[in-house]
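Asker: Sending over a structure as structure tokens; questions will come in a sec.
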Amino acid sequence: MESPGELASGLDRAGYLPDGGVATAAFLAVRMGRPLFLEGEPGTGKTSLALALAKAMDVPLIRLQCHEGIDATQALYDWDYPRQLMHLRVLETRGEVDEASLYTRRFLLARPLLQALENAPCVLLVDEIDRADDEFEAFLLEVLSENAVSIPEFGEIRATTPPLTVLTSNRTREVHDALKRRCLYHWLEHPSLDREVAILRRTLPGLDDRLAVKVAEAVQQMRGLDLLKPPGVAESLDWARALQALGRAEPDAETLGAVLKYREDAERVIGSTIVR
């Protein structure tokens, strides 16, 4: 793909409708071989962009879902201890005990980061890095900088082609500058009204055009309120599906459970007369 426009067309064919800023950031990440750090509110399409990039580039997607307490073992590799033990017992029966044979590639369990290094070219999605702790950030920075890992019992594994790494953050905490400096950065906003209508129409081909506009307008207004969890595109799609399933011609208060997940938010929206 030779330009942001060409990449945007590829993402479009993959089912993702990018704006110019997203297409340019993604193109530069591909062209420069740099990780892409996507930050923004939940539901703005960060994870979906990584999925679409893998599809548009026709490469595997490898996903590492971050969580509190995640460590290098869960992200990188582990040894298959039960198989190692069985192998050791077989060797003992033959009188051929060889500890080095316990640490060969067939006993190595590749977690997402090692899978990405071994299977590149691919897209490596490090999802919700803001949920991990500082120690894991430092470890991840080292792996991304070298595109290689050193396993004490086995040796070095280095990617022949660096994976395209996409990191996402919902900004529940600030990610350290050292990791951000290693990446290209893009802040993802909620889509404009016209783009959200286009997403609804693209994803739900049978959706009535007028209903698509009304759902998008209502969701856009909700995002202007001080809600505990403003709805993202995924909630817009769920709401449109719910209204479509019920044969409704416009959004209503009875179906707010498809788009809002807190009682306080539903009460605020009803009180604002966005829906009846």
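Labels used: A, B, ... for chains in the order of the structure tokens, numbers from 1 for residues in each chain, and numbers from 1 for ligands as shown.
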If you run DSSP on this backbone, which residues of segment 68-112 of chain A come out as strand (DSSP E or B), and could you give them as a list in words?

Answerer: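 Residues meeting the strand (DSSP E or B) criterion: Tyr77, Asp78, Trp79, Leu108, Leu109 and Ala110 of chain A.
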
Asker: Write out as a list of chain:residue names the residues lying within 10 Å of Leu144 of chain A, counting only C-alpha atoms and excluding same-chain residues fewer than 3 positions away.

Answerer: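 Near Leu144 of chain A, the qualifying residues are A:Arg34, A:Pro35, A:Leu113, A:Leu117, A:Phe139, A:Leu140, A:Leu141, A:Asn147, A:Ala148, A:Val149, A:Pro162, A:Pro163, A:Thr165, A:Leu179, A:Arg182, A:Cys183.
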
Asker: Write a file of the just-selected residues containing N, CA and C atoms, as a PDB file, in the first residue's frame.

Answerer:
```pdb
ATOM      1  N   ARG A  34       7.028   1.238  12.774  1.00  0.00           N
ATOM      2  CA  ARG A  34       6.931   1.684  14.169  1.00  0.00           C
ATOM      3  C   ARG A  34       5.628   1.188  14.785  1.00  0.00           C
ATOM      4  N   PRO A  35       5.625   0.891  16.088  1.00  0.00           N
ATOM      5  CA  PRO A  35       4.365   0.552  16.759  1.00  0.00           C
ATOM      6  C   PRO A  35       3.402   1.739  16.703  1.00  0.00           C
ATOM      7  N   LEU A 113       3.363 -12.674  22.543  1.00  0.00           N
ATOM      8  CA  LEU A 113       4.524 -11.924  22.074  1.00  0.00           C
ATOM      9  C   LEU A 113       5.492 -12.815  21.307  1.00  0.00           C
ATOM     10  N   LEU A 117       6.653 -12.741  17.217  1.00  0.00           N
ATOM     11  CA  LEU A 117       8.033 -12.712  16.733  1.00  0.00           C
ATOM     12  C   LEU A 117       8.298 -13.856  15.769  1.00  0.00           C
ATOM     13  N   PHE A 139       9.056  -4.166  30.432  1.00  0.00           N
ATOM     14  CA  PHE A 139       9.365  -5.402  29.723  1.00  0.00           C
ATOM     15  C   PHE A 139       8.917  -5.318  28.273  1.00  0.00           C
ATOM     16  N   LEU A 140       7.716  -4.804  28.040  1.00  0.00           N
ATOM     17  CA  LEU A 140       7.188  -4.694  26.684  1.00  0.00           C
ATOM     18  C   LEU A 140       8.031  -3.741  25.849  1.00  0.00           C
ATOM     19  N   LEU A 141       8.495  -2.659  26.448  1.00  0.00           N
ATOM     20  CA  LEU A 141       9.337  -1.701  25.742  1.00  0.00           C
ATOM     21  C   LEU A 141      10.610  -2.370  25.239  1.00  0.00           C
ATOM     22  N   ASN A 147      12.717  -6.384  19.039  1.00  0.00           N
ATOM     23  CA  ASN A 147      12.016  -7.388  18.228  1.00  0.00           C
ATOM     24  C   ASN A 147      12.667  -8.759  18.393  1.00  0.00           C
ATOM     25  N   ALA A 148      13.076  -9.030  19.612  1.00  0.00           N
ATOM     26  CA  ALA A 148      13.748 -10.292  19.926  1.00  0.00           C
ATOM     27  C   ALA A 148      13.615 -10.556  21.415  1.00  0.00           C
ATOM     28  N   VAL A 149      13.720 -11.827  21.782  1.00  0.00           N
ATOM     29  CA  VAL A 149      13.733 -12.221  23.194  1.00  0.00           C
ATOM     30  C   VAL A 149      14.860 -13.227  23.393  1.00  0.00           C
ATOM     31  N   PRO A 162       9.781  -7.480  11.608  1.00  0.00           N
ATOM     32  CA  PRO A 162       9.087  -7.012  12.811  1.00  0.00           C
ATOM     33  C   PRO A 162       7.578  -7.012  12.614  1.00  0.00           C
ATOM     34  N   PRO A 163       6.818  -7.459  13.607  1.00  0.00           N
ATOM     35  CA  PRO A 163       5.360  -7.381  13.497  1.00  0.00           C
ATOM     36  C   PRO A 163       4.889  -5.934  13.536  1.00  0.00           C
ATOM     37  N   THR A 165       2.882  -3.620  15.339  1.00  0.00           N
ATOM     38  CA  THR A 165       2.325  -3.647  16.688  1.00  0.00           C
ATOM     39  C   THR A 165       1.356  -2.494  16.882  1.00  0.00           C
ATOM     40  N   LEU A 179       7.451   4.402  26.702  1.00  0.00           N
ATOM     41  CA  LEU A 179       6.748   3.528  25.768  1.00  0.00           C
ATOM     42  C   LEU A 179       6.109   4.343  24.650  1.00  0.00           C
ATOM     43  N   ARG A 182       8.423   5.388  21.849  1.00  0.00           N
ATOM     44  CA  ARG A 182       8.782   4.313  20.934  1.00  0.00           C
ATOM     45  C   ARG A 182       7.756   4.173  19.812  1.00  0.00           C
ATOM     46  N   CYS A 183       6.582   4.788  19.984  1.00  0.00           N
ATOM     47  CA  CYS A 183       5.444   4.558  19.078  1.00  0.00           C
ATOM     48  C   CYS A 183       5.057   5.817  18.321  1.00  0.00           C
TER      49      CYS A 183
END
```

Asker: Would you mind listing what lies within 7 Å of Arg111 of chain A as a list in words, with only C-alpha atoms counted and same-chain residues fewer than 2 positions away left out?

Answerer: Gln74, Ala75, Leu76, Tyr77, Leu109, Leu113, Leu114 and Gln115 of chain A

Asker: Quick one: write out the picked residues with all heavy atoms as a PDB file, in the first residue's frame?

Answerer:
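What ended up in again-v9.pdb:
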```
ATOM      1  N   GLN A  74       3.062 -14.857  31.112  1.00  0.00           N
ATOM      2  CA  GLN A  74       1.764 -14.919  30.435  1.00  0.00           C
ATOM      3  C   GLN A  74       1.818 -14.311  29.038  1.00  0.00           C
ATOM      4  O   GLN A  74       1.046 -14.692  28.162  1.00  0.00           O
ATOM      5  CB  GLN A  74       0.719 -14.183  31.277  1.00  0.00           C
ATOM      6  CG  GLN A  74       0.432 -14.839  32.620  1.00  0.00           C
ATOM      7  CD  GLN A  74      -0.379 -13.930  33.522  1.00  0.00           C
ATOM      8  OE1 GLN A  74       0.019 -12.816  33.842  1.00  0.00           O
ATOM      9  NE2 GLN A  74      -1.544 -14.402  33.928  1.00  0.00           N
ATOM     10  N   ALA A  75       2.720 -13.371  28.820  1.00  0.00           N
ATOM     11  CA  ALA A  75       2.778 -12.661  27.548  1.00  0.00           C
ATOM     12  C   ALA A  75       3.780 -13.244  26.574  1.00  0.00           C
ATOM     13  O   ALA A  75       3.619 -13.107  25.367  1.00  0.00           O
ATOM     14  CB  ALA A  75       3.125 -11.194  27.799  1.00  0.00           C
ATOM     15  N   LEU A  76       4.832 -13.909  27.074  1.00  0.00           N
ATOM     16  CA  LEU A  76       5.947 -14.290  26.216  1.00  0.00           C
ATOM     17  C   LEU A  76       6.041 -15.795  25.994  1.00  0.00           C
ATOM     18  O   LEU A  76       5.857 -16.288  24.883  1.00  0.00           O
ATOM     19  CB  LEU A  76       7.249 -13.770  26.819  1.00  0.00           C
ATOM     20  CG  LEU A  76       8.507 -13.892  25.972  1.00  0.00           C
ATOM     21  CD1 LEU A  76       8.325 -13.228  24.611  1.00  0.00           C
ATOM     22  CD2 LEU A  76       9.696 -13.276  26.705  1.00  0.00           C
ATOM     23  N   TYR A  77       6.348 -16.555  27.023  1.00  0.00           N
ATOM     24  CA  TYR A  77       6.509 -18.006  26.833  1.00  0.00           C
ATOM     25  C   TYR A  77       6.422 -18.707  28.178  1.00  0.00           C
ATOM     26  O   TYR A  77       6.512 -18.094  29.250  1.00  0.00           O
ATOM     27  CB  TYR A  77       7.857 -18.336  26.179  1.00  0.00           C
ATOM     28  CG  TYR A  77       9.038 -18.201  27.124  1.00  0.00           C
ATOM     29  CD1 TYR A  77       9.504 -19.301  27.845  1.00  0.00           C
ATOM     30  CD2 TYR A  77       9.678 -16.979  27.298  1.00  0.00           C
ATOM     31  CE1 TYR A  77      10.574 -19.172  28.727  1.00  0.00           C
ATOM     32  CE2 TYR A  77      10.744 -16.849  28.164  1.00  0.00           C
ATOM     33  CZ  TYR A  77      11.192 -17.953  28.878  1.00  0.00           C
ATOM     34  OH  TYR A  77      12.240 -17.833  29.751  1.00  0.00           O
ATOM     35  N   LEU A 109       6.140 -23.296  25.077  1.00  0.00           N
ATOM     36  CA  LEU A 109       4.776 -22.822  24.816  1.00  0.00           C
ATOM     37  C   LEU A 109       4.849 -21.332  24.483  1.00  0.00           C
ATOM     38  O   LEU A 109       5.187 -20.514  25.348  1.00  0.00           O
ATOM     39  CB  LEU A 109       3.886 -23.036  26.035  1.00  0.00           C
ATOM     40  CG  LEU A 109       3.684 -24.492  26.483  1.00  0.00           C
ATOM     41  CD1 LEU A 109       2.875 -24.537  27.772  1.00  0.00           C
ATOM     42  CD2 LEU A 109       2.984 -25.286  25.386  1.00  0.00           C
ATOM     43  N   LEU A 113       3.363 -12.674  22.543  1.00  0.00           N
ATOM     44  CA  LEU A 113       4.524 -11.924  22.074  1.00  0.00           C
ATOM     45  C   LEU A 113       5.492 -12.815  21.307  1.00  0.00           C
ATOM     46  O   LEU A 113       6.012 -12.426  20.252  1.00  0.00           O
ATOM     47  CB  LEU A 113       5.246 -11.269  23.256  1.00  0.00           C
ATOM     48  CG  LEU A 113       4.494 -10.132  23.964  1.00  0.00           C
ATOM     49  CD1 LEU A 113       5.364  -9.543  25.076  1.00  0.00           C
ATOM     50  CD2 LEU A 113       4.081  -9.044  22.989  1.00  0.00           C
ATOM     51  N   LEU A 114       5.751 -14.011  21.811  1.00  0.00           N
ATOM     52  CA  LEU A 114       6.644 -14.927  21.099  1.00  0.00           C
ATOM     53  C   LEU A 114       6.005 -15.401  19.795  1.00  0.00           C
ATOM     54  O   LEU A 114       6.691 -15.537  18.779  1.00  0.00           O
ATOM     55  CB  LEU A 114       6.995 -16.122  21.988  1.00  0.00           C
ATOM     56  CG  LEU A 114       7.985 -17.128  21.396  1.00  0.00           C
ATOM     57  CD1 LEU A 114       9.281 -16.443  20.971  1.00  0.00           C
ATOM     58  CD2 LEU A 114       8.274 -18.248  22.398  1.00  0.00           C
ATOM     59  N   GLN A 115       4.702 -15.634  19.803  1.00  0.00           N
ATOM     60  CA  GLN A 115       4.001 -16.010  18.574  1.00  0.00           C
ATOM     61  C   GLN A 115       4.181 -14.939  17.505  1.00  0.00           C
ATOM     62  O   GLN A 115       4.412 -15.242  16.325  1.00  0.00           O
ATOM     63  CB  GLN A 115       2.515 -16.208  18.856  1.00  0.00           C
ATOM     64  CG  GLN A 115       2.181 -17.431  19.695  1.00  0.00           C
ATOM     65  CD  GLN A 115       0.707 -17.469  20.060  1.00  0.00           C
ATOM     66  OE1 GLN A 115      -0.120 -16.793  19.457  1.00  0.00           O
ATOM     67  NE2 GLN A 115       0.367 -18.246  21.072  1.00  0.00           N
TER      68      GLN A 115
END
```

Asker: Can you work out which one of A:Val213, A:Leu91, A:Val175, A:Ala52 has the shortest atom-to-atom distance to Ala132 of chain A, counting only C-alpha atoms?

Answerer: A:Val175

Asker: Report as a Markdown table: every residue of segment 37-69 of chain A with an atom at most 12 Å from segment 4-7 of chain A, its closest pair of atoms, and their distance in Å to one decimal, counting only C-alpha atoms, with rows sorted by chain and ascending residue number.

Answerer:
```
| residue | atom | partner | partner_atom | distance |
| --- | --- | --- | --- | --- |
| A:Leu49 | CA | A:Leu7 | CA | 11.7 |
| A:Ala52 | CA | A:Leu7 | CA | 10.5 |
| A:Leu53 | CA | A:Leu7 | CA | 8.7 |
| A:Ala54 | CA | A:Leu7 | CA | 11.6 |
| A:Lys55 | CA | A:Leu7 | CA | 11.4 |
| A:Ala56 | CA | A:Leu7 | CA | 7.9 |
| A:Met57 | CA | A:Leu7 | CA | 8.9 |
```

Asker: Restricting the calculation to only C-alpha atoms: of A:Glu235, A:Glu156, A:Glu137, A:Glu250, which residue gets closest to Asp209 of chain A?

Answerer: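 For Asp209 of chain A, the nearest of the given residues is A:Glu250.
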
Asker: Which of these, A:Ala242, A:Gly95, A:Asp252, A:Asp134, has the shortest distance to Asp177 of chain A once you count only C-alpha atoms?

Answerer: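 Of the candidates, the smallest distance to Asp177 of chain A is held by A:Asp134.
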
Asker: Go through A:Arg202, A:His176, A:Lys261, A:Arg83 one by one, measure the shortest atom-to-atom distance of each to Ile129 of chain A using only C-alpha atoms, and give the residue with the smallest value.

Answerer: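 Among the listed residues, A:His176 lies closest to Ile129 of chain A.
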
Asker: Between atom CA of Glu68 of chain A and atom CA of Asp130 of chain A, what is the distance, to one decimal in Å?

Answerer: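 Between atom CA of Glu68 of chain A and atom CA of Asp130 of chain A the gap is 9.0 Å.
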
Asker: Report, in Å to a single decimal, how far apart atom CA of Ala266 of chain A and atom CA of Leu225 of chain A are.

Answerer: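 Atom CA of Leu225 of chain A sits 11.2 Å away from atom CA of Ala266 of chain A.
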
Asker: What are the DSSP alpha helix (DSSP H) residues of segment 10-156 of chain A, as a PyMOL selection string?

Answerer: chain A and resi 10-13+20-32+46-57+72-75+81-94+112-119+134-146

Asker: Which residues are close to Gly155 of chain A, i.e. within 12 Å by only C-alpha atoms, leaving aside same-chain residues fewer than 3 positions away? Reply as a ChimeraX atom specification.

Answerer: /A:103-105,108,148-152,158

Asker: Please provide the set of residues having any atom within 9 Å of segment 184-187 of chain A, restricted to only C-alpha atoms, with same-chain residues fewer than 4 positions apart removed, written as a PyMOL selection string.

Answerer: chain A and resi 21-22+25-26+28-29+34-40+180

Asker: Using only C-alpha atoms, which residues sit within 10 Å of Thr47 of chain A once same-chain residues fewer than 5 positions away are excluded, as an MDAnalysis selection string?

Answerer: chainID A and resid 38 42 52 63 125:128 166:169
